Each structure stands twice: as C-alpha cells, then as structure tokens.
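Undergrad: Compact mmCIF, C-alpha atoms, file run16.txt:
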```
# COMPACT_ATOMS: atom_id res chain seq x y z
CA MET X 740 -30.05 40.82 -33.13
CA GLU X 741 -27.98 39.74 -30.17
CA THR X 742 -24.72 40.57 -28.51
CA ARG X 743 -21.84 38.44 -29.75
CA THR X 744 -20.98 35.28 -27.89
CA ARG X 745 -17.72 33.37 -28.15
CA SER X 746 -16.96 29.72 -27.67
CA MET X 747 -13.33 30.45 -26.83
CA SER X 748 -12.46 29.79 -23.21
CA SER X 749 -9.28 31.86 -23.31
CA LYS X 750 -9.56 35.48 -22.25
CA LYS X 751 -6.35 36.54 -23.93
CA ILE X 752 -6.66 39.72 -25.95
CA VAL X 753 -4.32 42.12 -27.73
CA VAL X 754 -5.10 45.79 -27.11
CA GLY X 755 -4.03 48.44 -29.60
CA LEU X 756 -2.44 51.29 -27.62
CA SER X 757 -1.78 54.70 -29.16
CA GLY X 758 -0.84 56.35 -25.86
CA GLY X 759 -4.09 58.32 -25.58
CA VAL X 760 -6.68 58.17 -22.85
CA ASP X 761 -9.19 56.16 -24.91
CA SER X 762 -6.98 53.19 -25.76
CA SER X 763 -5.43 53.32 -22.27
CA THR X 764 -8.85 53.10 -20.64
CA ALA X 765 -9.92 50.31 -22.98
CA ALA X 766 -6.89 48.31 -21.86
CA ALA X 767 -7.58 49.05 -18.19
CA VAL X 768 -11.25 48.07 -18.47
CA LEU X 769 -10.40 44.72 -20.03
CA HIS X 770 -7.57 44.10 -17.54
CA HIS X 771 -9.89 44.72 -14.60
CA GLN X 772 -12.52 42.47 -16.19
CA GLY X 773 -10.05 39.62 -15.97
CA TYR X 774 -8.73 39.57 -19.51
CA ASP X 775 -5.14 38.53 -20.07
CA ALA X 776 -4.28 41.69 -22.00
CA ILE X 777 -1.24 42.33 -24.17
CA GLY X 778 -0.47 45.90 -25.24
CA LEU X 779 0.47 46.50 -28.87
CA THR X 780 1.60 49.81 -30.35
CA LEU X 781 2.17 50.41 -34.05
CA TRP X 782 5.15 52.62 -34.91
CA LEU X 783 3.78 54.52 -37.87
CA MET X 784 6.12 57.47 -38.38
CA LYS X 785 8.70 59.64 -36.74
CA GLY X 786 7.86 62.92 -35.03
CA LYS X 787 5.35 64.10 -32.49
CA GLY X 788 1.74 63.01 -32.49
CA GLN X 789 -0.48 60.39 -30.94
CA CYS X 790 0.86 57.60 -33.17
CA CYS X 791 4.54 58.35 -32.75
CA SER X 792 7.33 58.63 -30.20
CA GLU X 793 5.35 60.39 -27.47
CA GLY X 794 2.50 57.93 -27.87
CA MET X 795 4.80 54.93 -27.65
CA VAL X 796 6.27 56.21 -24.38
CA ASP X 797 2.81 56.78 -22.88
CA ALA X 798 1.60 53.36 -24.09
CA ALA X 799 4.59 51.67 -22.46
CA SER X 800 3.90 53.57 -19.24
CA ILE X 801 0.27 52.39 -19.19
CA CYS X 802 1.32 48.77 -19.67
CA GLU X 803 3.80 49.11 -16.83
CA GLN X 804 1.04 50.53 -14.61
CA LEU X 805 -1.32 47.68 -15.47
CA GLY X 806 1.39 45.03 -15.23
CA ILE X 807 0.83 43.75 -18.75
CA PRO X 808 3.38 43.17 -21.54
CA HIS X 809 3.91 45.80 -24.22
CA HIS X 810 5.05 45.21 -27.79
CA ILE X 811 5.92 47.70 -30.53
CA VAL X 812 5.55 46.77 -34.19
CA ASP X 813 7.48 48.75 -36.79
CA SER X 814 4.75 49.60 -39.32
CA ARG X 815 6.47 52.59 -40.91
CA ASP X 816 6.90 51.05 -44.35
CA LEU X 817 3.29 49.87 -44.42
CA PHE X 818 2.06 53.31 -43.33
CA GLN X 819 4.19 54.98 -46.00
CA ASN X 820 2.88 52.74 -48.77
CA ALA X 821 -0.75 52.45 -47.70
CA ILE X 822 -1.43 55.93 -46.33
CA ILE X 823 1.16 58.56 -47.23
CA ASP X 824 1.53 57.43 -50.86
CA TYR X 825 -2.26 57.08 -51.09
CA LEU X 826 -2.77 60.63 -49.82
CA VAL X 827 -0.17 62.13 -52.11
CA SER X 828 -1.59 60.32 -55.14
CA GLY X 829 -5.16 61.34 -54.29
CA TYR X 830 -4.47 65.00 -53.67
CA GLY X 831 -2.26 65.13 -56.76
CA SER X 832 -5.11 63.82 -58.90
CA GLY X 833 -7.64 66.34 -57.58
CA THR X 834 -9.49 64.34 -54.93
CA THR X 835 -9.60 64.73 -51.14
CA PRO X 836 -8.72 61.30 -49.75
CA LEU X 837 -9.97 59.99 -46.41
CA PRO X 838 -6.94 58.32 -44.80
CA CYS X 839 -8.43 57.27 -41.45
CA SER X 840 -10.81 54.56 -42.70
CA ARG X 841 -8.11 53.17 -44.99
CA CYS X 842 -5.61 53.22 -42.14
CA ASN X 843 -8.00 51.37 -39.85
CA LYS X 844 -8.42 48.55 -42.35
CA THR X 845 -5.01 48.21 -43.97
CA VAL X 846 -2.61 49.39 -41.27
CA LYS X 847 -4.34 48.75 -37.95
CA PHE X 848 -7.07 46.12 -37.68
CA GLY X 849 -5.91 43.69 -40.37
CA PRO X 850 -2.20 43.67 -39.43
CA MET X 851 -2.96 43.72 -35.69
CA LEU X 852 -5.17 40.64 -35.97
CA HIS X 853 -2.53 38.89 -38.05
CA TYR X 854 0.20 39.78 -35.55
CA ALA X 855 -1.93 38.66 -32.61
CA ARG X 856 -2.53 35.27 -34.21
CA GLU X 857 0.99 34.73 -35.45
CA HIS X 858 2.87 35.82 -32.32
CA PHE X 859 0.48 35.18 -29.43
CA GLY X 860 -2.06 32.66 -30.72
CA VAL X 861 -4.79 35.21 -29.94
CA ASP X 862 -7.88 35.72 -32.12
CA ARG X 863 -9.11 38.96 -30.57
CA ILE X 864 -7.99 42.56 -30.52
CA ALA X 865 -9.47 45.59 -28.79
CA THR X 866 -9.17 49.31 -29.44
CA GLY X 867 -10.39 52.53 -27.86
CA HIS X 868 -12.77 53.37 -30.73
CA TYR X 869 -16.24 54.65 -29.90
CA ALA X 870 -18.47 52.19 -31.76
CA ARG X 871 -20.30 48.94 -31.06
CA ILE X 872 -20.39 45.47 -32.61
CA LEU X 873 -23.39 43.16 -32.45
CA TYR X 874 -24.08 39.82 -34.10
CA ASP X 875 -27.19 39.43 -36.25
CA ALA X 876 -28.08 35.74 -36.01
CA ASP X 877 -30.76 36.01 -38.71
CA ARG X 878 -28.32 37.37 -41.30
CA GLU X 879 -25.34 35.56 -39.78
CA ARG X 880 -23.39 38.81 -39.95
CA TYR X 881 -21.55 41.02 -37.52
CA GLN X 882 -23.08 44.45 -37.45
CA LEU X 883 -21.34 47.74 -36.78
CA LEU X 884 -23.33 50.27 -34.75
CA ARG X 885 -22.81 53.85 -33.69
CA ALA X 886 -21.47 54.45 -30.20
CA ARG X 887 -23.95 55.34 -27.48
CA ASP X 888 -22.32 58.78 -27.39
CA ARG X 889 -23.19 60.29 -30.78
CA ARG X 890 -20.74 63.14 -30.21
CA LYS X 891 -17.81 60.73 -30.07
CA ASP X 892 -19.10 58.10 -32.49
CA GLN X 893 -16.30 56.85 -34.79
CA SER X 894 -18.19 54.24 -36.79
CA TYR X 895 -17.88 56.44 -39.90
CA PHE X 896 -14.13 55.71 -39.96
CA LEU X 897 -14.71 51.98 -39.45
CA TYR X 898 -17.10 51.38 -42.37
CA ASP X 899 -14.45 49.51 -44.39
CA LEU X 900 -13.78 46.78 -41.82
CA SER X 901 -14.43 43.24 -43.03
CA GLN X 902 -16.60 40.64 -41.32
CA GLU X 903 -13.43 38.86 -40.20
CA MET X 904 -12.11 42.05 -38.61
CA LEU X 905 -15.40 42.76 -36.83
CA ALA X 906 -15.58 39.17 -35.58
CA GLY X 907 -12.14 39.54 -34.00
CA SER X 908 -12.57 43.01 -32.50
CA LEU X 909 -13.86 44.48 -29.25
CA PHE X 910 -14.70 48.12 -28.52
CA PRO X 911 -14.85 48.40 -24.71
CA LEU X 912 -15.78 52.11 -24.82
CA GLY X 913 -18.75 51.76 -27.18
CA GLU X 914 -21.26 52.15 -24.36
CA HIS X 915 -19.42 55.07 -22.71
CA ASP X 916 -19.19 58.78 -23.32
CA LYS X 917 -15.94 60.73 -23.09
CA ASP X 918 -16.61 62.00 -19.58
CA ALA X 919 -17.19 58.44 -18.38
CA THR X 920 -13.96 57.35 -20.04
CA ARG X 921 -11.95 60.00 -18.21
CA ARG X 922 -13.65 59.10 -14.92
CA LEU X 923 -12.66 55.49 -15.42
CA ALA X 924 -9.11 56.53 -16.30
CA ARG X 925 -8.86 58.53 -13.08
CA GLN X 926 -10.44 55.70 -11.10
CA TYR X 927 -7.76 53.34 -12.42
CA GLY X 928 -5.06 55.94 -11.78
CA LEU X 929 -3.92 56.01 -15.39
CA SER X 930 -1.17 58.47 -16.25
CA THR X 931 -3.09 59.45 -19.42
CA ALA X 932 -6.32 60.34 -17.59
CA ASP X 933 -5.97 64.06 -18.22
CA LYS X 934 -3.97 63.90 -21.43
CA PRO X 935 -5.34 66.39 -23.98
CA GLU X 936 -7.37 64.88 -26.77
CA SER X 937 -5.85 64.75 -30.21
CA GLN X 938 -7.81 67.07 -32.49
CA ASP X 939 -6.18 66.46 -35.86
CA LEU X 940 -5.06 63.78 -38.21
CA CYS X 941 -1.74 62.41 -36.98
CA LEU X 942 -0.04 63.62 -40.17
CA ILE X 943 -1.17 67.18 -39.45
CA GLU X 944 0.10 66.96 -35.88
CA ALA X 945 3.46 65.80 -37.15
CA HIS X 946 3.85 68.35 -39.97
CA GLY X 947 1.89 71.38 -38.68
CA SER X 948 -0.80 71.43 -41.39
CA MET X 949 -2.06 69.35 -44.28
CA GLN X 950 -0.67 71.95 -46.70
CA GLN X 951 2.81 71.66 -45.19
CA PHE X 952 2.59 67.88 -45.36
CA LEU X 953 1.51 67.90 -49.01
CA ASP X 954 4.04 70.54 -50.03
CA ARG X 955 6.72 68.19 -48.77
CA TYR X 956 5.64 65.56 -51.30
CA ILE X 957 3.93 67.51 -54.10
CA GLY X 958 5.78 70.35 -55.77
CA GLN X 959 3.94 73.63 -56.20
CA GLN X 960 2.49 74.06 -59.66
CA GLU X 961 0.82 77.35 -60.48
CA GLY X 962 -2.48 77.38 -62.31
CA GLU X 963 -5.67 79.32 -62.85
CA ILE X 964 -8.69 79.84 -60.64
CA VAL X 965 -11.69 80.19 -62.96
CA ASP X 966 -15.45 80.59 -62.69
CA LEU X 967 -17.96 78.21 -64.25
CA ASP X 968 -17.70 80.07 -67.58
CA GLY X 969 -13.93 79.67 -67.64
CA LYS X 970 -13.17 83.30 -66.79
CA VAL X 971 -9.84 83.60 -64.99
CA LEU X 972 -10.32 85.13 -61.53
CA GLY X 973 -6.95 84.44 -59.95
CA ARG X 974 -4.00 82.08 -59.59
CA HIS X 975 -3.18 79.17 -57.33
CA THR X 976 0.03 77.34 -56.36
CA GLY X 977 -1.34 73.80 -56.59
CA ILE X 978 -4.75 72.11 -56.76
CA HIS X 979 -3.73 69.95 -53.80
CA HIS X 980 -4.27 73.03 -51.62
CA TYR X 981 -8.01 73.02 -52.37
CA THR X 982 -11.05 70.87 -51.73
CA VAL X 983 -14.65 71.02 -52.97
CA GLY X 984 -16.76 73.34 -50.81
CA GLN X 985 -13.80 75.40 -49.63
CA ARG X 986 -14.42 79.14 -49.22
CA LYS X 987 -11.48 80.51 -47.25
CA GLY X 988 -8.05 81.00 -48.71
CA LEU X 989 -9.09 81.54 -52.32
CA GLY X 990 -7.48 84.99 -52.49
CA ILE X 991 -10.18 86.35 -54.79
CA ALA X 992 -12.10 89.59 -54.36
CA ALA X 993 -15.72 89.09 -55.43
CA PRO X 994 -19.08 90.76 -54.72
CA GLU X 995 -20.45 87.49 -53.32
CA PRO X 996 -18.83 84.54 -51.52
CA LEU X 997 -17.17 82.02 -53.82
CA TYR X 998 -16.63 78.33 -53.16
CA VAL X 999 -14.58 75.63 -54.82
CA VAL X 1000 -17.01 73.76 -57.08
CA ALA X 1001 -14.59 71.34 -58.73
CA LEU X 1002 -10.93 70.64 -59.43
CA ASP X 1003 -9.70 70.12 -63.00
CA PRO X 1004 -6.38 68.23 -62.83
CA PRO X 1005 -5.76 67.92 -66.62
CA ARG X 1006 -5.83 71.73 -66.96
CA ASN X 1007 -4.53 72.37 -63.43
CA ARG X 1008 -7.55 74.56 -62.68
CA VAL X 1009 -9.58 75.35 -59.58
CA ILE X 1010 -13.21 76.04 -60.53
CA VAL X 1011 -15.25 78.30 -58.25
CA GLY X 1012 -18.86 79.44 -58.06
CA ASP X 1013 -21.59 80.50 -55.66
CA ARG X 1014 -22.89 78.25 -52.91
CA SER X 1015 -25.67 76.77 -55.03
CA SER X 1016 -23.10 75.73 -57.62
CA ALA X 1017 -21.26 73.77 -54.94
CA SER X 1018 -24.40 71.76 -54.08
CA ARG X 1019 -25.38 68.52 -55.78
CA PRO X 1020 -28.60 66.46 -55.84
CA ASP X 1021 -26.74 63.14 -56.22
CA CYS X 1022 -23.37 61.44 -56.52
CA THR X 1023 -21.93 58.01 -57.20
CA MET X 1024 -19.93 55.77 -54.87
CA GLY X 1025 -17.32 53.13 -55.59
CA TYR X 1026 -15.05 50.82 -53.57
CA LEU X 1027 -18.03 49.78 -51.48
CA ASN X 1028 -18.04 47.66 -48.35
CA TRP X 1029 -21.35 46.29 -47.11
CA VAL X 1030 -21.06 45.77 -43.39
CA SER X 1031 -24.31 44.98 -41.61
CA ILE X 1032 -26.32 43.84 -44.65
CA PRO X 1033 -25.59 41.93 -47.87
CA GLU X 1034 -25.06 44.00 -51.02
CA PRO X 1035 -28.51 45.35 -52.02
CA SER X 1036 -29.95 44.58 -55.45
CA THR X 1037 -32.82 47.09 -55.30
CA PRO X 1038 -33.01 50.75 -54.23
CA LEU X 1039 -32.63 51.27 -50.50
CA ARG X 1040 -33.53 54.28 -48.36
CA ALA X 1041 -31.03 55.22 -45.68
CA GLN X 1042 -29.50 58.07 -43.74
CA VAL X 1043 -26.19 58.96 -45.37
CA GLN X 1044 -23.23 60.77 -43.86
CA VAL X 1045 -20.92 62.34 -46.45
CA ARG X 1046 -18.38 63.78 -43.98
CA TYR X 1047 -17.44 62.88 -40.43
CA ARG X 1048 -18.57 66.18 -38.96
CA THR X 1049 -21.82 66.53 -40.91
CA PRO X 1050 -25.16 65.05 -39.78
CA PRO X 1051 -26.67 62.19 -41.79
CA VAL X 1052 -29.23 63.12 -44.46
CA GLU X 1053 -32.01 61.15 -46.11
CA ALA X 1054 -31.14 59.55 -49.44
CA VAL X 1055 -31.93 56.62 -51.70
CA LEU X 1056 -29.14 54.21 -52.65
CA VAL X 1057 -29.60 52.98 -56.22
CA PRO X 1058 -27.47 49.98 -57.27
CA LEU X 1059 -25.50 50.44 -60.50
CA GLU X 1060 -23.51 48.06 -62.66
CA GLY X 1061 -20.09 47.06 -61.43
CA GLY X 1062 -21.04 47.14 -57.75
CA ARG X 1063 -21.30 50.93 -57.62
CA ILE X 1064 -24.08 52.96 -56.02
CA LYS X 1065 -25.84 56.18 -57.00
CA LEU X 1066 -26.86 58.32 -54.04
CA VAL X 1067 -29.95 60.45 -54.65
CA PHE X 1068 -30.43 62.96 -51.83
CA ASP X 1069 -33.86 64.18 -50.73
CA GLU X 1070 -32.36 67.68 -50.85
CA PRO X 1071 -29.20 68.89 -52.66
CA GLN X 1072 -26.12 68.63 -50.48
CA PHE X 1073 -23.31 71.18 -50.25
CA GLY X 1074 -19.68 70.26 -50.75
CA ILE X 1075 -19.95 66.65 -51.91
CA THR X 1076 -16.25 65.87 -52.14
CA PRO X 1077 -14.68 63.20 -54.37
CA GLY X 1078 -12.42 60.91 -52.35
CA GLN X 1079 -14.35 61.27 -49.11
CA ALA X 1080 -16.52 58.46 -47.74
CA ALA X 1081 -20.29 58.30 -47.95
CA VAL X 1082 -21.57 56.00 -45.19
CA ALA X 1083 -25.15 54.73 -45.00
CA TYR X 1084 -27.01 54.07 -41.75
CA ASP X 1085 -30.35 52.71 -40.65
CA GLY X 1086 -30.66 54.46 -37.31
CA ASP X 1087 -27.62 53.31 -35.33
CA VAL X 1088 -26.78 50.44 -37.67
CA LEU X 1089 -24.05 51.11 -40.24
CA LEU X 1090 -25.21 49.44 -43.45
CA GLY X 1091 -22.14 50.10 -45.57
CA GLY X 1092 -20.10 52.77 -47.23
CA GLY X 1093 -17.83 53.69 -50.11
CA LEU X 1094 -15.82 56.48 -51.68
CA ILE X 1095 -17.47 59.40 -53.48
CA GLU X 1096 -16.50 59.47 -57.14
CA ARG X 1097 -15.67 62.46 -59.27
CA PRO X 1098 -18.73 63.62 -61.28
CA ASN X 1099 -18.59 63.39 -65.06
```
Please go through the file and, once you have read it, give me the structure as structure tokens.

TA:
Amino acid sequence: METRTRSMSSKKIVVGLSGGVDSSTAAAVLHHQGYDAIGLTLWLMKGKGQCCSEGMVDAASICEQLGIPHHIVDSRDLFQNAIIDYLVSGYGSGTTPLPCSRCNKTVKFGPMLHYAREHFGVDRIATGHYARILYDADRERYQLLRARDRRKDQSYFLYDLSQEMLAGSLFPLGEHDKDATRRLARQYGLSTADKPESQDLCLIEAHGSMQQFLDRYIGQQEGEIVDLDGKVLGRHTGIHHYTVGQRKGLGIAAPEPLYVVALDPPRNRVIVGDRSSASRPDCTMGYLNWVSIPEPSTPLRAQVQVRYRTPPVEAVLVPLEGGRIKLVFDEPQFGITPGQAAVAYDGDVLLGGGLIERPN
C-alpha cells in the first residue's frame, strides 16, 4: 500500500468550508503548501449552527484572511430532500437513521466534486475531516483509514464514499490531532482558532433537540409502552421519541432498569425489557458499500463499530443473498439499533459498512 500520487500538474483544489476550525485549518494548510485553493460553503438550512448563517460568515472571513476566493452554493433543497425527509421517514417508520454518512455522500462530497469540475475545472476537493486516504496498488483501490488521532477519527461517517469520491478527496488533518490543529490555526492567525467545537448534529443545533426537530415534522401519536409479554406499562407520545437501547425518559416505575428493546410501528408500540433483552448476538446489514476491499464472497473476520461513540468489537461478516451481510458478534452487543451504520475495520483500514436492518 502506498500514498496516492497524482499525474495532474495543477495544484488547484476546492476546499469545503463550514466555518469551523477544522475546515479553516485544512484550507490554511493547503494554501501555505502552495495549493491554489478555492473556498466552497454549502448553504444547507436557515438558522444557527455550523452549516448555516454563522458558519458562512466565518468561512467568508477565513477566505478573506487567506486571500482566496469564496463561493456559496445553495444546497437547501438537496438537504431537505436527501437528509430531512430521510430522517423524518426513518424515525416515523421506527428506525434511528444516521444522517451524517448519507449527508457526506449525497450532499457534500458528490455535489462538491461535481461543482468543482463544472465551475472551476478542478478534480480535487479537500475537507477538514479526520481520516486518511491511501492507494492500494495491488487491489487498485483507494483505501479509507482511521485518522492518526483515534479520539477524533471520523472515518465511520465516511464509509459510504465511493472510489471516485475518495480518488478526488484530500484530508489534510488526517495525520493531526485536535490540539495540533488548533496550534496550526493560531500559527496562521485564523479567526476560528479558538472557536468552540460543534458537539451536536447541525439539525439539533438549529432546533434545540432531536425531539423538537422531529415534533416539527411528525405529529404526536399516543401509544402503549409494553413489556416483552405485551403487558402495558405506560404510554408514549410517539415512537419517534425512542431508540433501541434507550433507558432514560421512559416514564415507567419498575423494580429494575428497563430499556427499549424494539419499536413496533404497525401497532405504535414501544417494547421494553431488561438489559439482557436489549442485547443481540447478531444482526443483518443492507445498503452496503465496500471501500478498501472488493465485496467478500466468504465469511470475513473484522472489528465492527455499530455506533460512532462505541469501540469496535470482534465479529464475523457472513455474506447473504442479495448483497446483504449477517454480523455474528463474538459476544452479544447491547443496543444494536436499526438504521444506524455498522462499519467493519481491519486495524486502521475501513473495509466497508452498511445499515443495520430491523430484526424479524
């Protein structure tokens, strides 16, 4: 495996700028390395948040500091159709969608590459993501790797990028940790050097909470909270307020802690049980994207991450008909959530990933 090389003599590059310190520093690093950088900000929605009005102002300020052009692309309709409608549909059907990976593919990387080619004749984009890209000459594939800083690694959210997107992307911060990024930002005198880090999904920042966001689009519909035997333990105001593995906010008095085990959309029920009931030895995955390796035809052992904030666990990936995968964990895993991504790694190398399906 070797670092990518390019035959292109031009050092023009389009840098995606959200207005945060990471994308700002990525732009500054490339600018000081001699790249002819062009700043590009996607206008995704109205309101506060890193992707919106405040971010656009900060992104424009950074471009002015660096002396590079800045362009804003109105992507609000695309974001509405690809992300907001997707979230509303998923939560309404009893899953817990993962918007960030979908947004990266359908709203950010794909459209940004297309815009760069169509408007600037540029085949490369860069972002402030913490991940790395290498080229595997033996497999003739671009590989996606974890960032050097495991605490900031964002490869989990990039698992759905295509080979074309990886070939046209640079991650200048992949070898850095957050402290080094802020040091560089201060060294370059960037106005975003000490800007607080965004902690939540941009939709949450804009609406206050995921529940408030969903209540805006999904009307409250009361239903029953039941145990595994169907005994009614309480009431809820909408299954979209719950996710598998959830303990807090159930509003049920019980002698032992209860967790959401499953959601039953046809009967508008939230099913709860003890912690062991919310653990599963396996699950299936669909909508797969194989990144660093071709699609496997035989069982494959890997380390699998089923949520962004959980550590990877050992599992075997068993190919099924229709391009799906069965994940068999070495030990039962708590809170396996339909709609979330399961991403497989071999050490630092991201093999591929897909969406967890609802169990039968």

Undergrad: Write out as a list in words which residues come within 8 Å of segment 1066-1068 of chain X when counting all atoms listed in the file, dropping same-chain ones fewer than 4 positions away.

TA: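 Everything that qualifies: Pro1020, Asp1021, Cys1022, Thr1023, Met1024, Val1052, Glu1053, Ala1054, Val1055, Leu1056, Val1057 and Gln1072 of chain X.
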
Undergrad: Find the residues near Arg889 of chain X: any atom within 12 Å, counting only C-alpha atoms, skip ones fewer than 3 places away on the same chain, and give them as a PyMOL selection string.

TA: chain X and resi 869-871+884-886+892-895+913-917+1047-1051+1086-1087

Undergrad: Between atom CA of Arg887 of chain X and atom CA of Leu769 of chain X, what is the distance in Å, rounded to a tenth?

TA: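 Interatomic distance here is 18.8 Å.
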
Undergrad: Could you state the separation of atom CA of Ala1083 of chain X and atom CA of Pro1098 of chain X in Å, given to one decimal place?

TA: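 Spanning atom CA of Ala1083 of chain X to atom CA of Pro1098 of chain X is a straight-line distance of 19.6 Å.
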
Undergrad: Which residue gives the smallest distance to Asp877 of chain X among X:Ser1031, X:Thr1037, X:Thr931, X:Ser1018, with only C-alpha atoms counted?

TA: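 So, comparing all the options, the nearest one is X:Ser1031.
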
Undergrad: Within 8 Å of Pro911 of chain X, counting only C-alpha atoms, which residues show up once you throw out same-chain ones fewer than 4 positions away? Write them as a PyMOL selection string, please.

TA: chain X and resi 765+768-769+865-867

Undergrad: Would you mind reading off the distance between atom CA of Glu879 of chain X and atom CA of Gly1091 of chain X, one decimal, in Å?

TA: 16.0 Å

Undergrad: Calculated over only C-alpha atoms, which of the candidates X:Val1000, X:Phe818, X:Val1009, X:Glu1060 has the smallest distance to His975 of chain X?

TA: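 Checking each of X:Val1000, X:Phe818, X:Val1009, X:Glu1060 against His975 of chain X, counting only C-alpha atoms, the winner is X:Val1009.
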
Undergrad: Would you please work out which residue, of X:Ala799, X:Leu912, X:Ala1080, X:Val846, is nearest to Ala821 of chain X when using all atoms listed in the file?

TA: X:Val846

Undergrad: Leaving out segment 953-963 of chain X and any residue of its chain fewer than 6 positions from it, which residues lie within 7 Å of it when counting all atoms listed in the file, given as an mmCIF file with C-alpha atoms, keeping the file's coordinate frame?

TA:
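File around-v9.cif, as written:
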```
data_model
loop_
_atom_site.group_PDB
_atom_site.id
_atom_site.type_symbol
_atom_site.label_atom_id
_atom_site.label_comp_id
_atom_site.auth_asym_id
_atom_site.auth_seq_id
_atom_site.Cartn_x
_atom_site.Cartn_y
_atom_site.Cartn_z
ATOM 1 C CA VAL X 827 -0.170 62.130 -52.110
ATOM 2 C CA VAL X 971 -9.840 83.600 -64.990
ATOM 3 C CA GLY X 973 -6.950 84.440 -59.950
ATOM 4 C CA ARG X 974 -4.000 82.080 -59.590
ATOM 5 C CA HIS X 975 -3.180 79.170 -57.330
ATOM 6 C CA THR X 976 0.030 77.340 -56.360
ATOM 7 C CA GLY X 977 -1.340 73.800 -56.590
ATOM 8 C CA ASN X 1007 -4.530 72.370 -63.430
ATOM 9 C CA ARG X 1008 -7.550 74.560 -62.680
ATOM 10 C CA VAL X 1009 -9.580 75.350 -59.580
#
```

Undergrad: N, CA and C atoms are needed for segment 1015-1035 of chain X; please write them out as a PDB file, in the frame of the given file.

TA:
```pdb
ATOM      1  N   SER X1015     -24.775  77.713 -54.355  1.00  0.00           N
ATOM      2  CA  SER X1015     -25.670  76.770 -55.030  1.00  0.00           C
ATOM      3  C   SER X1015     -24.926  75.926 -56.047  1.00  0.00           C
ATOM      4  N   SER X1016     -23.891  76.480 -56.641  1.00  0.00           N
ATOM      5  CA  SER X1016     -23.100  75.730 -57.620  1.00  0.00           C
ATOM      6  C   SER X1016     -22.300  74.616 -56.967  1.00  0.00           C
ATOM      7  N   ALA X1017     -22.044  74.771 -55.667  1.00  0.00           N
ATOM      8  CA  ALA X1017     -21.260  73.770 -54.940  1.00  0.00           C
ATOM      9  C   ALA X1017     -22.160  72.737 -54.272  1.00  0.00           C
ATOM     10  N   SER X1018     -23.455  72.725 -54.628  1.00  0.00           N
ATOM     11  CA  SER X1018     -24.400  71.760 -54.080  1.00  0.00           C
ATOM     12  C   SER X1018     -24.822  70.785 -55.182  1.00  0.00           C
ATOM     13  N   ARG X1019     -25.032  69.540 -54.797  1.00  0.00           N
ATOM     14  CA  ARG X1019     -25.380  68.520 -55.780  1.00  0.00           C
ATOM     15  C   ARG X1019     -26.553  67.671 -55.292  1.00  0.00           C
ATOM     16  N   PRO X1020     -27.453  67.286 -56.223  1.00  0.00           N
ATOM     17  CA  PRO X1020     -28.600  66.460 -55.840  1.00  0.00           C
ATOM     18  C   PRO X1020     -28.258  64.974 -55.714  1.00  0.00           C
ATOM     19  N   ASP X1021     -27.096  64.561 -56.260  1.00  0.00           N
ATOM     20  CA  ASP X1021     -26.740  63.140 -56.220  1.00  0.00           C
ATOM     21  C   ASP X1021     -25.240  62.989 -56.420  1.00  0.00           C
ATOM     22  N   CYS X1022     -24.764  61.781 -56.250  1.00  0.00           N
ATOM     23  CA  CYS X1022     -23.370  61.440 -56.520  1.00  0.00           C
ATOM     24  C   CYS X1022     -23.274  59.934 -56.656  1.00  0.00           C
ATOM     25  N   THR X1023     -22.141  59.450 -57.115  1.00  0.00           N
ATOM     26  CA  THR X1023     -21.930  58.010 -57.200  1.00  0.00           C
ATOM     27  C   THR X1023     -20.826  57.598 -56.234  1.00  0.00           C
ATOM     28  N   MET X1024     -20.894  56.338 -55.816  1.00  0.00           N
ATOM     29  CA  MET X1024     -19.930  55.770 -54.870  1.00  0.00           C
ATOM     30  C   MET X1024     -19.300  54.525 -55.469  1.00  0.00           C
ATOM     31  N   GLY X1025     -18.026  54.346 -55.198  1.00  0.00           N
ATOM     32  CA  GLY X1025     -17.320  53.130 -55.590  1.00  0.00           C
ATOM     33  C   GLY X1025     -16.557  52.568 -54.404  1.00  0.00           C
ATOM     34  N   TYR X1026     -15.839  51.480 -54.625  1.00  0.00           N
ATOM     35  CA  TYR X1026     -15.050  50.820 -53.570  1.00  0.00           C
ATOM     36  C   TYR X1026     -15.905  50.576 -52.330  1.00  0.00           C
ATOM     37  N   LEU X1027     -17.052  49.949 -52.545  1.00  0.00           N
ATOM     38  CA  LEU X1027     -18.030  49.780 -51.480  1.00  0.00           C
ATOM     39  C   LEU X1027     -17.706  48.607 -50.559  1.00  0.00           C
ATOM     40  N   ASN X1028     -18.110  48.755 -49.316  1.00  0.00           N
ATOM     41  CA  ASN X1028     -18.040  47.660 -48.350  1.00  0.00           C
ATOM     42  C   ASN X1028     -19.370  47.598 -47.622  1.00  0.00           C
ATOM     43  N   TRP X1029     -20.074  46.481 -47.802  1.00  0.00           N
ATOM     44  CA  TRP X1029     -21.350  46.290 -47.110  1.00  0.00           C
ATOM     45  C   TRP X1029     -21.066  45.588 -45.796  1.00  0.00           C
ATOM     46  N   VAL X1030     -21.438  46.235 -44.717  1.00  0.00           N
ATOM     47  CA  VAL X1030     -21.060  45.770 -43.390  1.00  0.00           C
ATOM     48  C   VAL X1030     -22.177  44.945 -42.763  1.00  0.00           C
ATOM     49  N   SER X1031     -23.267  45.612 -42.408  1.00  0.00           N
ATOM     50  CA  SER X1031     -24.310  44.980 -41.610  1.00  0.00           C
ATOM     51  C   SER X1031     -25.371  44.274 -42.442  1.00  0.00           C
ATOM     52  N   ILE X1032     -25.361  44.484 -43.752  1.00  0.00           N
ATOM     53  CA  ILE X1032     -26.320  43.840 -44.650  1.00  0.00           C
ATOM     54  C   ILE X1032     -25.579  43.320 -45.876  1.00  0.00           C
ATOM     55  N   PRO X1033     -26.168  42.339 -46.583  1.00  0.00           N
ATOM     56  CA  PRO X1033     -25.590  41.930 -47.870  1.00  0.00           C
ATOM     57  C   PRO X1033     -25.732  43.070 -48.881  1.00  0.00           C
ATOM     58  N   GLU X1034     -24.977  42.991 -49.972  1.00  0.00           N
ATOM     59  CA  GLU X1034     -25.060  44.000 -51.020  1.00  0.00           C
ATOM     60  C   GLU X1034     -26.487  44.068 -51.560  1.00  0.00           C
ATOM     61  N   PRO X1035     -27.117  45.252 -51.555  1.00  0.00           N
ATOM     62  CA  PRO X1035     -28.510  45.350 -52.020  1.00  0.00           C
ATOM     63  C   PRO X1035     -28.597  45.250 -53.537  1.00  0.00           C
TER      64      PRO X1035
END
```
